[in-house]
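K.L.:
So here's start.txt, just compact mmCIF, N, CA and C atoms:
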```txt
# COMPACT_ATOMS: atom_id res chain seq x y z
N MET T 1 31.58 -1.19 -24.59
CA MET T 1 31.72 -0.93 -23.18
C MET T 1 30.53 -0.14 -22.64
N LYS T 2 30.10 0.86 -23.39
CA LYS T 2 28.97 1.68 -22.99
C LYS T 2 27.71 0.83 -22.86
N ARG T 3 27.51 -0.11 -23.79
CA ARG T 3 26.34 -0.99 -23.77
C ARG T 3 26.35 -1.87 -22.52
N ILE T 4 27.52 -2.39 -22.15
CA ILE T 4 27.63 -3.22 -20.95
C ILE T 4 27.29 -2.40 -19.72
N PHE T 5 27.79 -1.17 -19.64
CA PHE T 5 27.51 -0.30 -18.50
C PHE T 5 26.02 -0.02 -18.38
N ILE T 6 25.36 0.31 -19.48
CA ILE T 6 23.93 0.60 -19.47
C ILE T 6 23.14 -0.63 -19.05
N THR T 7 23.48 -1.78 -19.60
CA THR T 7 22.79 -3.02 -19.24
C THR T 7 22.95 -3.31 -17.75
N PHE T 8 24.17 -3.16 -17.23
CA PHE T 8 24.43 -3.39 -15.81
C PHE T 8 23.64 -2.42 -14.94
N THR T 9 23.62 -1.15 -15.32
CA THR T 9 22.91 -0.13 -14.56
C THR T 9 21.41 -0.42 -14.52
N LEU T 10 20.82 -0.74 -15.65
CA LEU T 10 19.39 -1.05 -15.70
C LEU T 10 19.07 -2.29 -14.89
N SER T 11 19.90 -3.30 -14.96
CA SER T 11 19.69 -4.53 -14.18
C SER T 11 19.76 -4.23 -12.69
N SER T 12 20.70 -3.41 -12.29
CA SER T 12 20.85 -3.06 -10.88
C SER T 12 19.64 -2.30 -10.37
N LEU T 13 19.13 -1.37 -11.16
CA LEU T 13 17.94 -0.61 -10.77
C LEU T 13 16.74 -1.53 -10.64
N SER T 14 16.59 -2.47 -11.54
CA SER T 14 15.47 -3.41 -11.50
C SER T 14 15.53 -4.26 -10.26
N VAL T 15 16.69 -4.79 -9.91
CA VAL T 15 16.86 -5.61 -8.72
C VAL T 15 16.59 -4.77 -7.47
N ALA T 16 17.06 -3.54 -7.43
CA ALA T 16 16.85 -2.66 -6.28
C ALA T 16 15.37 -2.35 -6.10
N SER T 17 14.65 -2.14 -7.18
CA SER T 17 13.22 -1.85 -7.09
C SER T 17 12.44 -3.05 -6.59
N ILE T 18 12.77 -4.25 -7.08
CA ILE T 18 12.10 -5.46 -6.62
C ILE T 18 12.40 -5.70 -5.15
N ALA T 19 13.62 -5.38 -4.71
CA ALA T 19 13.99 -5.58 -3.32
C ALA T 19 13.13 -4.73 -2.38
N GLN T 20 12.55 -3.63 -2.87
CA GLN T 20 11.70 -2.79 -2.04
C GLN T 20 10.48 -3.55 -1.52
N CYS T 21 9.99 -4.51 -2.28
CA CYS T 21 8.81 -5.27 -1.87
C CYS T 21 9.12 -6.21 -0.72
N ALA T 22 10.38 -6.47 -0.46
CA ALA T 22 10.77 -7.35 0.64
C ALA T 22 10.97 -6.58 1.94
N LYS T 23 10.84 -5.26 1.89
CA LYS T 23 11.07 -4.43 3.07
C LYS T 23 9.76 -4.13 3.79
N ASN T 24 9.88 -3.87 5.09
CA ASN T 24 8.73 -3.42 5.88
C ASN T 24 8.65 -1.91 5.76
N VAL T 25 7.43 -1.41 5.49
CA VAL T 25 7.25 0.02 5.28
C VAL T 25 6.04 0.50 6.07
N ILE T 26 6.16 1.66 6.68
CA ILE T 26 5.03 2.32 7.33
C ILE T 26 4.74 3.59 6.55
N TYR T 27 3.52 3.69 6.03
CA TYR T 27 3.06 4.88 5.31
C TYR T 27 2.20 5.70 6.27
N ASN T 28 2.33 7.02 6.24
CA ASN T 28 1.59 7.91 7.13
C ASN T 28 0.76 8.91 6.34
N SER T 29 -0.46 9.13 6.84
CA SER T 29 -1.35 10.10 6.21
C SER T 29 -2.16 10.80 7.28
N GLY T 30 -2.82 11.88 6.90
CA GLY T 30 -3.66 12.64 7.83
C GLY T 30 -5.14 12.36 7.66
N LYS T 31 -5.48 11.56 6.62
CA LYS T 31 -6.90 11.24 6.44
C LYS T 31 -7.05 10.03 5.52
N ALA T 32 -8.24 9.45 5.60
CA ALA T 32 -8.62 8.34 4.73
C ALA T 32 -10.03 8.62 4.22
N ASP T 33 -10.21 8.52 2.91
CA ASP T 33 -11.53 8.73 2.30
C ASP T 33 -12.15 7.39 1.95
N PHE T 34 -13.42 7.22 2.30
CA PHE T 34 -14.21 6.06 1.91
C PHE T 34 -15.06 6.49 0.72
N ILE T 35 -14.90 5.79 -0.40
CA ILE T 35 -15.50 6.20 -1.66
C ILE T 35 -16.44 5.10 -2.16
N ASP T 36 -17.62 5.51 -2.68
CA ASP T 36 -18.54 4.51 -3.25
C ASP T 36 -18.15 4.20 -4.69
N SER T 37 -18.90 3.28 -5.31
CA SER T 37 -18.56 2.84 -6.67
C SER T 37 -18.72 3.94 -7.72
N LEU T 38 -19.42 5.01 -7.40
CA LEU T 38 -19.58 6.14 -8.33
C LEU T 38 -18.50 7.19 -8.15
N GLY T 39 -17.60 6.97 -7.19
CA GLY T 39 -16.52 7.92 -6.95
C GLY T 39 -16.86 9.01 -5.95
N ASN T 40 -18.00 8.90 -5.28
CA ASN T 40 -18.40 9.89 -4.28
C ASN T 40 -17.78 9.56 -2.92
N ILE T 41 -17.26 10.57 -2.24
CA ILE T 41 -16.75 10.37 -0.89
C ILE T 41 -17.94 10.25 0.04
N ILE T 42 -18.03 9.09 0.72
CA ILE T 42 -19.16 8.87 1.62
C ILE T 42 -18.78 9.09 3.08
N HIS T 43 -17.49 9.05 3.36
CA HIS T 43 -17.02 9.26 4.74
C HIS T 43 -15.52 9.57 4.70
N THR T 44 -15.09 10.45 5.58
CA THR T 44 -13.66 10.76 5.70
C THR T 44 -13.26 10.60 7.16
N LYS T 45 -12.17 9.91 7.39
CA LYS T 45 -11.60 9.80 8.74
C LYS T 45 -10.38 10.69 8.78
N GLN T 46 -10.41 11.67 9.66
CA GLN T 46 -9.28 12.57 9.88
C GLN T 46 -8.43 12.00 11.01
N GLY T 47 -7.17 12.37 11.05
CA GLY T 47 -6.30 11.93 12.13
C GLY T 47 -5.11 11.18 11.57
N LYS T 48 -4.38 10.55 12.46
CA LYS T 48 -3.18 9.83 12.06
C LYS T 48 -3.58 8.47 11.48
N ILE T 49 -3.36 8.31 10.18
CA ILE T 49 -3.64 7.06 9.49
C ILE T 49 -2.29 6.41 9.21
N THR T 50 -2.10 5.19 9.70
CA THR T 50 -0.87 4.46 9.40
C THR T 50 -1.22 3.19 8.64
N VAL T 51 -0.42 2.93 7.63
CA VAL T 51 -0.54 1.72 6.83
C VAL T 51 0.80 1.02 6.95
N THR T 52 0.79 -0.17 7.53
CA THR T 52 2.02 -0.92 7.73
C THR T 52 2.00 -2.12 6.79
N LEU T 53 3.07 -2.28 6.02
CA LEU T 53 3.16 -3.35 5.05
C LEU T 53 4.47 -4.11 5.23
N SER T 54 4.35 -5.43 5.34
CA SER T 54 5.53 -6.30 5.35
C SER T 54 5.33 -7.34 4.26
N LYS T 55 6.26 -8.27 4.14
CA LYS T 55 6.12 -9.31 3.12
C LYS T 55 4.87 -10.15 3.36
N LYS T 56 4.47 -10.26 4.63
CA LYS T 56 3.35 -11.15 4.97
C LYS T 56 2.10 -10.43 5.48
N ASP T 57 2.26 -9.26 6.10
CA ASP T 57 1.15 -8.63 6.79
C ASP T 57 0.85 -7.21 6.29
N PHE T 58 -0.42 -6.83 6.49
CA PHE T 58 -0.92 -5.52 6.09
C PHE T 58 -1.81 -5.02 7.22
N VAL T 59 -1.53 -3.81 7.73
CA VAL T 59 -2.32 -3.26 8.84
C VAL T 59 -2.68 -1.81 8.53
N LEU T 60 -3.96 -1.49 8.67
CA LEU T 60 -4.46 -0.12 8.56
C LEU T 60 -4.91 0.30 9.95
N MET T 61 -4.43 1.46 10.42
CA MET T 61 -4.81 1.89 11.76
C MET T 61 -5.11 3.38 11.77
N HIS T 62 -6.09 3.75 12.58
CA HIS T 62 -6.52 5.14 12.73
C HIS T 62 -6.18 5.61 14.14
N ASP T 63 -5.37 6.64 14.26
CA ASP T 63 -4.97 7.24 15.53
C ASP T 63 -4.39 6.23 16.52
N GLY T 64 -3.72 5.19 16.02
CA GLY T 64 -3.09 4.20 16.90
C GLY T 64 -4.07 3.35 17.69
N ASP T 65 -5.34 3.38 17.32
CA ASP T 65 -6.39 2.68 18.06
C ASP T 65 -6.55 1.24 17.55
N GLU T 66 -6.18 0.27 18.38
CA GLU T 66 -6.30 -1.15 18.00
C GLU T 66 -7.75 -1.53 17.71
N GLU T 67 -8.70 -0.85 18.34
CA GLU T 67 -10.12 -1.14 18.11
C GLU T 67 -10.58 -0.67 16.73
N ASP T 68 -9.83 0.24 16.14
CA ASP T 68 -10.18 0.81 14.84
C ASP T 68 -9.12 0.43 13.80
N ALA T 69 -8.75 -0.86 13.79
CA ALA T 69 -7.70 -1.34 12.89
C ALA T 69 -8.24 -2.44 11.98
N LEU T 70 -7.67 -2.51 10.79
CA LEU T 70 -7.91 -3.63 9.87
C LEU T 70 -6.58 -4.34 9.72
N ARG T 71 -6.60 -5.66 9.89
CA ARG T 71 -5.38 -6.46 9.78
C ARG T 71 -5.60 -7.58 8.78
N GLY T 72 -4.57 -7.87 8.01
CA GLY T 72 -4.68 -8.95 7.04
C GLY T 72 -3.34 -9.47 6.60
N THR T 73 -3.40 -10.47 5.76
CA THR T 73 -2.19 -11.06 5.21
C THR T 73 -2.03 -10.59 3.76
N VAL T 74 -0.80 -10.57 3.31
CA VAL T 74 -0.47 -10.17 1.94
C VAL T 74 -0.45 -11.43 1.09
N LYS T 75 -1.23 -11.43 0.01
CA LYS T 75 -1.28 -12.56 -0.91
C LYS T 75 -1.05 -12.07 -2.34
N ASN T 76 -0.34 -12.85 -3.11
CA ASN T 76 -0.14 -12.57 -4.54
C ASN T 76 0.44 -11.18 -4.81
N LEU T 77 1.45 -10.81 -4.05
CA LEU T 77 2.09 -9.51 -4.25
C LEU T 77 2.83 -9.50 -5.58
N ALA T 78 2.51 -8.53 -6.41
CA ALA T 78 3.19 -8.34 -7.69
C ALA T 78 4.09 -7.12 -7.55
N CYS T 79 5.37 -7.34 -7.40
CA CYS T 79 6.31 -6.24 -7.18
C CYS T 79 6.58 -5.54 -8.51
N GLU T 80 5.92 -4.42 -8.71
CA GLU T 80 6.02 -3.71 -9.99
C GLU T 80 6.53 -2.28 -9.81
N TRP T 81 7.48 -2.10 -8.88
CA TRP T 81 8.10 -0.79 -8.74
C TRP T 81 9.09 -0.59 -9.87
N LYS T 82 8.94 0.48 -10.61
CA LYS T 82 9.93 0.85 -11.61
C LYS T 82 11.02 1.68 -10.94
N ASP T 83 10.62 2.55 -10.03
CA ASP T 83 11.51 3.36 -9.22
C ASP T 83 10.86 3.38 -7.84
N ALA T 84 11.43 2.66 -6.90
CA ALA T 84 10.80 2.40 -5.61
C ALA T 84 10.20 3.64 -4.95
N TYR T 85 8.94 3.51 -4.58
CA TYR T 85 8.16 4.55 -3.89
C TYR T 85 7.93 5.81 -4.73
N LYS T 86 8.35 5.80 -5.98
CA LYS T 86 8.17 6.97 -6.83
C LYS T 86 7.34 6.65 -8.07
N ASN T 87 7.64 5.53 -8.72
CA ASN T 87 6.91 5.12 -9.92
C ASN T 87 6.73 3.61 -9.90
N GLY T 88 5.49 3.20 -10.01
CA GLY T 88 5.19 1.77 -10.03
C GLY T 88 3.92 1.48 -9.25
N LYS T 89 3.57 0.20 -9.19
CA LYS T 89 2.33 -0.17 -8.53
C LYS T 89 2.40 -1.64 -8.11
N PRO T 90 2.77 -1.89 -6.85
CA PRO T 90 2.78 -3.28 -6.38
C PRO T 90 1.43 -3.67 -5.76
N PRO T 91 0.52 -4.24 -6.55
CA PRO T 91 -0.77 -4.65 -6.02
C PRO T 91 -0.69 -6.00 -5.31
N PHE T 92 -1.65 -6.26 -4.42
CA PHE T 92 -1.77 -7.55 -3.76
C PHE T 92 -3.20 -7.73 -3.25
N GLU T 93 -3.52 -8.95 -2.86
CA GLU T 93 -4.83 -9.26 -2.29
C GLU T 93 -4.67 -9.46 -0.79
N SER T 94 -5.76 -9.25 -0.06
CA SER T 94 -5.72 -9.44 1.38
C SER T 94 -7.10 -9.78 1.91
N GLU T 95 -7.13 -10.60 2.94
CA GLU T 95 -8.33 -10.80 3.74
C GLU T 95 -8.12 -9.92 4.96
N LEU T 96 -8.86 -8.82 5.03
CA LEU T 96 -8.71 -7.87 6.14
C LEU T 96 -9.74 -8.19 7.21
N PHE T 97 -9.28 -8.22 8.46
CA PHE T 97 -10.16 -8.51 9.58
C PHE T 97 -10.25 -7.31 10.50
N GLU T 98 -11.48 -6.99 10.90
CA GLU T 98 -11.70 -5.95 11.91
C GLU T 98 -11.58 -6.60 13.28
N LYS T 99 -11.44 -5.81 14.32
CA LYS T 99 -11.33 -6.32 15.69
C LYS T 99 -12.52 -7.21 16.05
N SER T 100 -13.69 -6.90 15.49
CA SER T 100 -14.90 -7.67 15.76
C SER T 100 -14.87 -9.06 15.12
N GLY T 101 -13.90 -9.27 14.21
CA GLY T 101 -13.81 -10.55 13.51
C GLY T 101 -14.40 -10.50 12.11
N GLU T 102 -15.05 -9.37 11.77
CA GLU T 102 -15.63 -9.24 10.43
C GLU T 102 -14.52 -9.28 9.38
N LYS T 103 -14.74 -10.13 8.35
CA LYS T 103 -13.75 -10.31 7.29
C LYS T 103 -14.13 -9.49 6.07
N ASN T 104 -13.14 -8.85 5.46
CA ASN T 104 -13.33 -8.07 4.24
C ASN T 104 -12.26 -8.48 3.23
N ASP T 105 -12.66 -9.14 2.15
CA ASP T 105 -11.72 -9.45 1.07
C ASP T 105 -11.44 -8.16 0.30
N ALA T 106 -10.18 -7.95 -0.03
CA ALA T 106 -9.82 -6.69 -0.69
C ALA T 106 -8.65 -6.87 -1.64
N VAL T 107 -8.58 -5.96 -2.61
CA VAL T 107 -7.41 -5.82 -3.48
C VAL T 107 -6.78 -4.48 -3.10
N VAL T 108 -5.50 -4.52 -2.80
CA VAL T 108 -4.79 -3.32 -2.35
C VAL T 108 -3.75 -2.94 -3.39
N SER T 109 -3.68 -1.66 -3.69
CA SER T 109 -2.60 -1.19 -4.56
C SER T 109 -1.95 0.02 -3.91
N ILE T 110 -0.64 0.03 -3.98
CA ILE T 110 0.15 1.17 -3.53
C ILE T 110 0.83 1.70 -4.78
N GLU T 111 0.37 2.84 -5.24
CA GLU T 111 0.83 3.35 -6.52
C GLU T 111 1.70 4.58 -6.33
N GLY T 112 2.83 4.56 -7.01
CA GLY T 112 3.70 5.73 -7.05
C GLY T 112 3.66 6.31 -8.46
N LYS T 113 3.39 7.59 -8.55
CA LYS T 113 3.34 8.25 -9.84
C LYS T 113 4.01 9.60 -9.70
N GLU T 114 5.16 9.73 -10.38
CA GLU T 114 5.94 10.97 -10.35
C GLU T 114 6.25 11.40 -8.91
N GLY T 115 6.55 10.43 -8.05
CA GLY T 115 6.93 10.72 -6.68
C GLY T 115 5.78 10.84 -5.70
N ASN T 116 4.53 10.81 -6.17
CA ASN T 116 3.37 10.89 -5.29
C ASN T 116 2.81 9.50 -5.06
N LEU T 117 2.50 9.19 -3.80
CA LEU T 117 1.97 7.88 -3.45
C LEU T 117 0.46 7.91 -3.26
N LEU T 118 -0.18 6.80 -3.58
CA LEU T 118 -1.62 6.63 -3.41
C LEU T 118 -1.87 5.19 -3.02
N ILE T 119 -2.60 4.99 -1.92
CA ILE T 119 -2.98 3.65 -1.49
C ILE T 119 -4.48 3.51 -1.70
N MET T 120 -4.87 2.46 -2.43
CA MET T 120 -6.29 2.18 -2.68
C MET T 120 -6.60 0.77 -2.17
N VAL T 121 -7.63 0.67 -1.34
CA VAL T 121 -8.10 -0.62 -0.84
C VAL T 121 -9.49 -0.82 -1.41
N ARG T 122 -9.61 -1.75 -2.36
CA ARG T 122 -10.90 -2.03 -3.00
C ARG T 122 -11.52 -3.24 -2.33
N PHE T 123 -12.57 -3.00 -1.57
CA PHE T 123 -13.25 -4.09 -0.87
C PHE T 123 -14.11 -4.88 -1.85
N LYS T 124 -13.92 -6.19 -1.88
CA LYS T 124 -14.68 -7.04 -2.80
C LYS T 124 -16.10 -7.28 -2.27
N THR T 125 -16.26 -7.28 -0.96
CA THR T 125 -17.55 -7.62 -0.35
C THR T 125 -18.39 -6.39 -0.03
N LYS T 126 -17.84 -5.21 -0.21
CA LYS T 126 -18.57 -3.97 0.06
C LYS T 126 -18.46 -3.10 -1.18
N ASP T 127 -19.42 -2.22 -1.35
CA ASP T 127 -19.41 -1.28 -2.47
C ASP T 127 -18.61 -0.05 -2.03
N MET T 128 -17.29 -0.28 -1.77
CA MET T 128 -16.52 0.81 -1.19
C MET T 128 -15.04 0.66 -1.53
N ILE T 129 -14.39 1.81 -1.63
CA ILE T 129 -12.94 1.90 -1.81
C ILE T 129 -12.41 2.81 -0.72
N LEU T 130 -11.30 2.44 -0.13
CA LEU T 130 -10.62 3.27 0.85
C LEU T 130 -9.42 3.90 0.15
N LYS T 131 -9.35 5.22 0.18
CA LYS T 131 -8.28 5.97 -0.50
C LYS T 131 -7.45 6.71 0.54
N ILE T 132 -6.15 6.45 0.49
CA ILE T 132 -5.22 7.09 1.41
C ILE T 132 -4.07 7.68 0.60
N ILE T 133 -3.75 8.94 0.86
CA ILE T 133 -2.62 9.59 0.20
C ILE T 133 -1.56 9.83 1.26
N PRO T 134 -0.54 8.96 1.28
CA PRO T 134 0.51 9.13 2.29
C PRO T 134 1.33 10.39 2.06
N GLY T 135 1.63 11.07 3.15
CA GLY T 135 2.50 12.24 3.08
C GLY T 135 3.94 11.86 3.34
N SER T 136 4.12 10.68 3.96
CA SER T 136 5.48 10.20 4.24
C SER T 136 5.46 8.69 4.39
N TYR T 137 6.65 8.12 4.35
CA TYR T 137 6.80 6.68 4.59
C TYR T 137 8.16 6.45 5.22
N THR T 138 8.27 5.32 5.90
CA THR T 138 9.52 4.95 6.56
C THR T 138 9.76 3.47 6.35
N GLU T 139 10.95 3.10 5.90
CA GLU T 139 11.33 1.70 5.86
C GLU T 139 11.73 1.28 7.25
N VAL T 140 11.25 0.13 7.70
CA VAL T 140 11.50 -0.35 9.05
C VAL T 140 12.25 -1.67 8.98
N LYS T 141 13.28 -1.80 9.80
CA LYS T 141 14.02 -3.06 9.85
C LYS T 141 13.21 -4.08 10.64
N GLU T 142 13.33 -5.34 10.24
CA GLU T 142 12.58 -6.41 10.91
C GLU T 142 13.09 -6.64 12.30
```
What would the structure in this file look like if it were written as structure tokens?
P.N.:
Amino acid sequence: MKRIFITFTLSSLSVASIAQCAKNVIYNSGKADFIDSLGNIIHTKQGKITVTLSKKDFVLMHDGDEEDALRGTVKNLACEWKDAYKNGKPPFESELFEKSGEKNDAVVSIEGKEGNLLIMVRFKTKDMILKIIPGSYTEVKE
């Protein structure tokens, strides 16, 4: 009986964690660091940084300014949350577009480690990584 209970509990947790990838989430931060391939911070944007993620779309915005936003689609999402928003790493690919139309291919990872979140956007076409440490997040209904 104990074995059945443990198996059921673990299965339920796994399904609940995978279900997190189907939800819309807004992550909030106070800054975004632009990092070169050597790990040096080359630029920091202070202010309200929002990262919006849905099953299909990914949006990065600074201070709510549409002119300073990157928008893209979510491709090849690997839902790897062990404990949603606390431990795991659901990476995906995206073609991010600036308002000017400039396209940036990127690999995005949202990593949870011991309850701390980290968003990394690795640009394939630029020698740059965007690092965001969210202080909060909100699940949003569609």
K.L.:
Just how far from atom N of Cys21 in chain T is atom N of Asp65 in chain T, in Å to one decimal?
P.N.:
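So the answer is 26.1 Å.
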K.L.:
DSSP on the backbone, then: every residue of chain T marked helix (DSSP H, G or I), written as a VMD selection string.
P.N.:
chain T and resid 2 to 22 66 to 68
K.L.:
Nearest residue to Ala32 in chain T out of T:Ala69, T:Ala84, T:Ile49, T:Val107, using all atoms listed in the file?
P.N.:
T:Ile49
K.L.:
Would you mind writing down, as an MDAnalysis selection string, each residue of chain T that DSSP on the backbone assigns to strand (DSSP E or B)?
P.N.:
chainID T and resid 24:35 41:53 57:62 69:73 75 81:83 87:88 92:98 103:113 116:123 128:132 136:140
K.L.:
Grab the CA of Val25 in chain T to atom C of Gly47 in chain T distance for me, in Å with one decimal place.
P.N.:
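So the answer is 17.8 Å.
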K.L.:
Neighbours of range 34-40 of chain T within 8 Å (only N, CA and C atoms; same-chain residues fewer than 3 positions away dropped), as a count of residues only?
P.N.:
11
K.L.:
Quick one: residues within 7 Å of Tyr85 in chain T, all atoms listed in the file, excluding same-chain residues fewer than 5 positions away - as a list of chain:residue names?
P.N.:
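Those residues are T:Glu111, T:Gly112, T:Lys113, T:Gly115, T:Asn116, T:Leu117.
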K.L.:
Would you give the centre and edge lengths, in Å to one decimal, of a box along x, y and z around the listed atoms of range 19-30 of chain T, with 8 Å added to each side, as lines of an AutoDock Vina configuration file?
P.N.:
```
center_x = 4.4
center_y = 2.6
center_z = 1.6
size_x = 35.1
size_y = 36.0
size_z = 28.5
```
K.L.:
Have a look at T:Met61, T:Ile26, T:Val51, T:Ile119 and name the one nearest to Val140 in chain T; count all atoms listed in the file.
P.N.:
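Going through T:Met61, T:Ile26, T:Val51, T:Ile119 one by one, the smallest distance to Val140 in chain T is for T:Ile26.
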K.L.:
Can you list, as a list in words, every protein, DNA or RNA residue that comes within 6 Å of range 75-81 of chain T when you count only N, CA and C atoms, leaving out same-chain residues fewer than 2 positions away?
P.N.:
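In the requested form, the answer reads Ser17, Ile18, Cys21, Thr73, Asp83, Ala84, Asn87, Gly88, Lys89, Pro90, Pro91, Phe92, Glu93 and Ser94 of chain T.
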K.L.:
Could you please fill out range 82-97 of chain T with N, CA, C and O atoms and send it back as a PDB file, keeping the file's coordinate frame?
P.N.:
```pdb
ATOM      1  N   LYS T  82       8.940   0.480 -10.610  1.00  0.00           N
ATOM      2  CA  LYS T  82       9.930   0.850 -11.610  1.00  0.00           C
ATOM      3  C   LYS T  82      11.020   1.680 -10.940  1.00  0.00           C
ATOM      4  O   LYS T  82      12.197   1.539 -11.236  1.00  0.00           O
ATOM      5  N   ASP T  83      10.620   2.550 -10.030  1.00  0.00           N
ATOM      6  CA  ASP T  83      11.510   3.360  -9.220  1.00  0.00           C
ATOM      7  C   ASP T  83      10.860   3.380  -7.840  1.00  0.00           C
ATOM      8  O   ASP T  83       9.823   4.028  -7.637  1.00  0.00           O
ATOM      9  N   ALA T  84      11.430   2.660  -6.900  1.00  0.00           N
ATOM     10  CA  ALA T  84      10.800   2.400  -5.610  1.00  0.00           C
ATOM     11  C   ALA T  84      10.200   3.640  -4.950  1.00  0.00           C
ATOM     12  O   ALA T  84      10.873   4.654  -4.800  1.00  0.00           O
ATOM     13  N   TYR T  85       8.940   3.510  -4.580  1.00  0.00           N
ATOM     14  CA  TYR T  85       8.160   4.550  -3.890  1.00  0.00           C
ATOM     15  C   TYR T  85       7.930   5.810  -4.730  1.00  0.00           C
ATOM     16  O   TYR T  85       7.357   6.770  -4.244  1.00  0.00           O
ATOM     17  N   LYS T  86       8.350   5.800  -5.980  1.00  0.00           N
ATOM     18  CA  LYS T  86       8.170   6.970  -6.830  1.00  0.00           C
ATOM     19  C   LYS T  86       7.340   6.650  -8.070  1.00  0.00           C
ATOM     20  O   LYS T  86       6.440   7.390  -8.423  1.00  0.00           O
ATOM     21  N   ASN T  87       7.640   5.530  -8.720  1.00  0.00           N
ATOM     22  CA  ASN T  87       6.910   5.120  -9.920  1.00  0.00           C
ATOM     23  C   ASN T  87       6.730   3.610  -9.900  1.00  0.00           C
ATOM     24  O   ASN T  87       7.698   2.872  -9.794  1.00  0.00           O
ATOM     25  N   GLY T  88       5.490   3.200 -10.010  1.00  0.00           N
ATOM     26  CA  GLY T  88       5.190   1.770 -10.030  1.00  0.00           C
ATOM     27  C   GLY T  88       3.920   1.480  -9.250  1.00  0.00           C
ATOM     28  O   GLY T  88       3.275   2.391  -8.704  1.00  0.00           O
ATOM     29  N   LYS T  89       3.570   0.200  -9.190  1.00  0.00           N
ATOM     30  CA  LYS T  89       2.330  -0.170  -8.530  1.00  0.00           C
ATOM     31  C   LYS T  89       2.400  -1.640  -8.110  1.00  0.00           C
ATOM     32  O   LYS T  89       2.151  -2.523  -8.913  1.00  0.00           O
ATOM     33  N   PRO T  90       2.770  -1.890  -6.850  1.00  0.00           N
ATOM     34  CA  PRO T  90       2.780  -3.280  -6.380  1.00  0.00           C
ATOM     35  C   PRO T  90       1.430  -3.670  -5.760  1.00  0.00           C
ATOM     36  O   PRO T  90       1.188  -3.442  -4.580  1.00  0.00           O
ATOM     37  N   PRO T  91       0.520  -4.240  -6.550  1.00  0.00           N
ATOM     38  CA  PRO T  91      -0.770  -4.650  -6.020  1.00  0.00           C
ATOM     39  C   PRO T  91      -0.690  -6.000  -5.310  1.00  0.00           C
ATOM     40  O   PRO T  91       0.217  -6.796  -5.549  1.00  0.00           O
ATOM     41  N   PHE T  92      -1.650  -6.260  -4.420  1.00  0.00           N
ATOM     42  CA  PHE T  92      -1.770  -7.550  -3.760  1.00  0.00           C
ATOM     43  C   PHE T  92      -3.200  -7.730  -3.250  1.00  0.00           C
ATOM     44  O   PHE T  92      -3.990  -6.791  -3.229  1.00  0.00           O
ATOM     45  N   GLU T  93      -3.520  -8.950  -2.860  1.00  0.00           N
ATOM     46  CA  GLU T  93      -4.830  -9.260  -2.290  1.00  0.00           C
ATOM     47  C   GLU T  93      -4.670  -9.460  -0.790  1.00  0.00           C
ATOM     48  O   GLU T  93      -3.584  -9.798  -0.319  1.00  0.00           O
ATOM     49  N   SER T  94      -5.760  -9.250  -0.060  1.00  0.00           N
ATOM     50  CA  SER T  94      -5.720  -9.440   1.380  1.00  0.00           C
ATOM     51  C   SER T  94      -7.100  -9.780   1.910  1.00  0.00           C
ATOM     52  O   SER T  94      -8.115  -9.311   1.375  1.00  0.00           O
ATOM     53  N   GLU T  95      -7.130 -10.600   2.940  1.00  0.00           N
ATOM     54  CA  GLU T  95      -8.330 -10.800   3.740  1.00  0.00           C
ATOM     55  C   GLU T  95      -8.120  -9.920   4.960  1.00  0.00           C
ATOM     56  O   GLU T  95      -7.287 -10.210   5.803  1.00  0.00           O
ATOM     57  N   LEU T  96      -8.860  -8.820   5.030  1.00  0.00           N
ATOM     58  CA  LEU T  96      -8.710  -7.870   6.140  1.00  0.00           C
ATOM     59  C   LEU T  96      -9.740  -8.190   7.210  1.00  0.00           C
ATOM     60  O   LEU T  96     -10.921  -8.385   6.910  1.00  0.00           O
ATOM     61  N   PHE T  97      -9.280  -8.220   8.460  1.00  0.00           N
ATOM     62  CA  PHE T  97     -10.160  -8.510   9.580  1.00  0.00           C
ATOM     63  C   PHE T  97     -10.250  -7.310  10.500  1.00  0.00           C
ATOM     64  O   PHE T  97      -9.237  -6.700  10.854  1.00  0.00           O
TER      65      PHE T  97
END
```
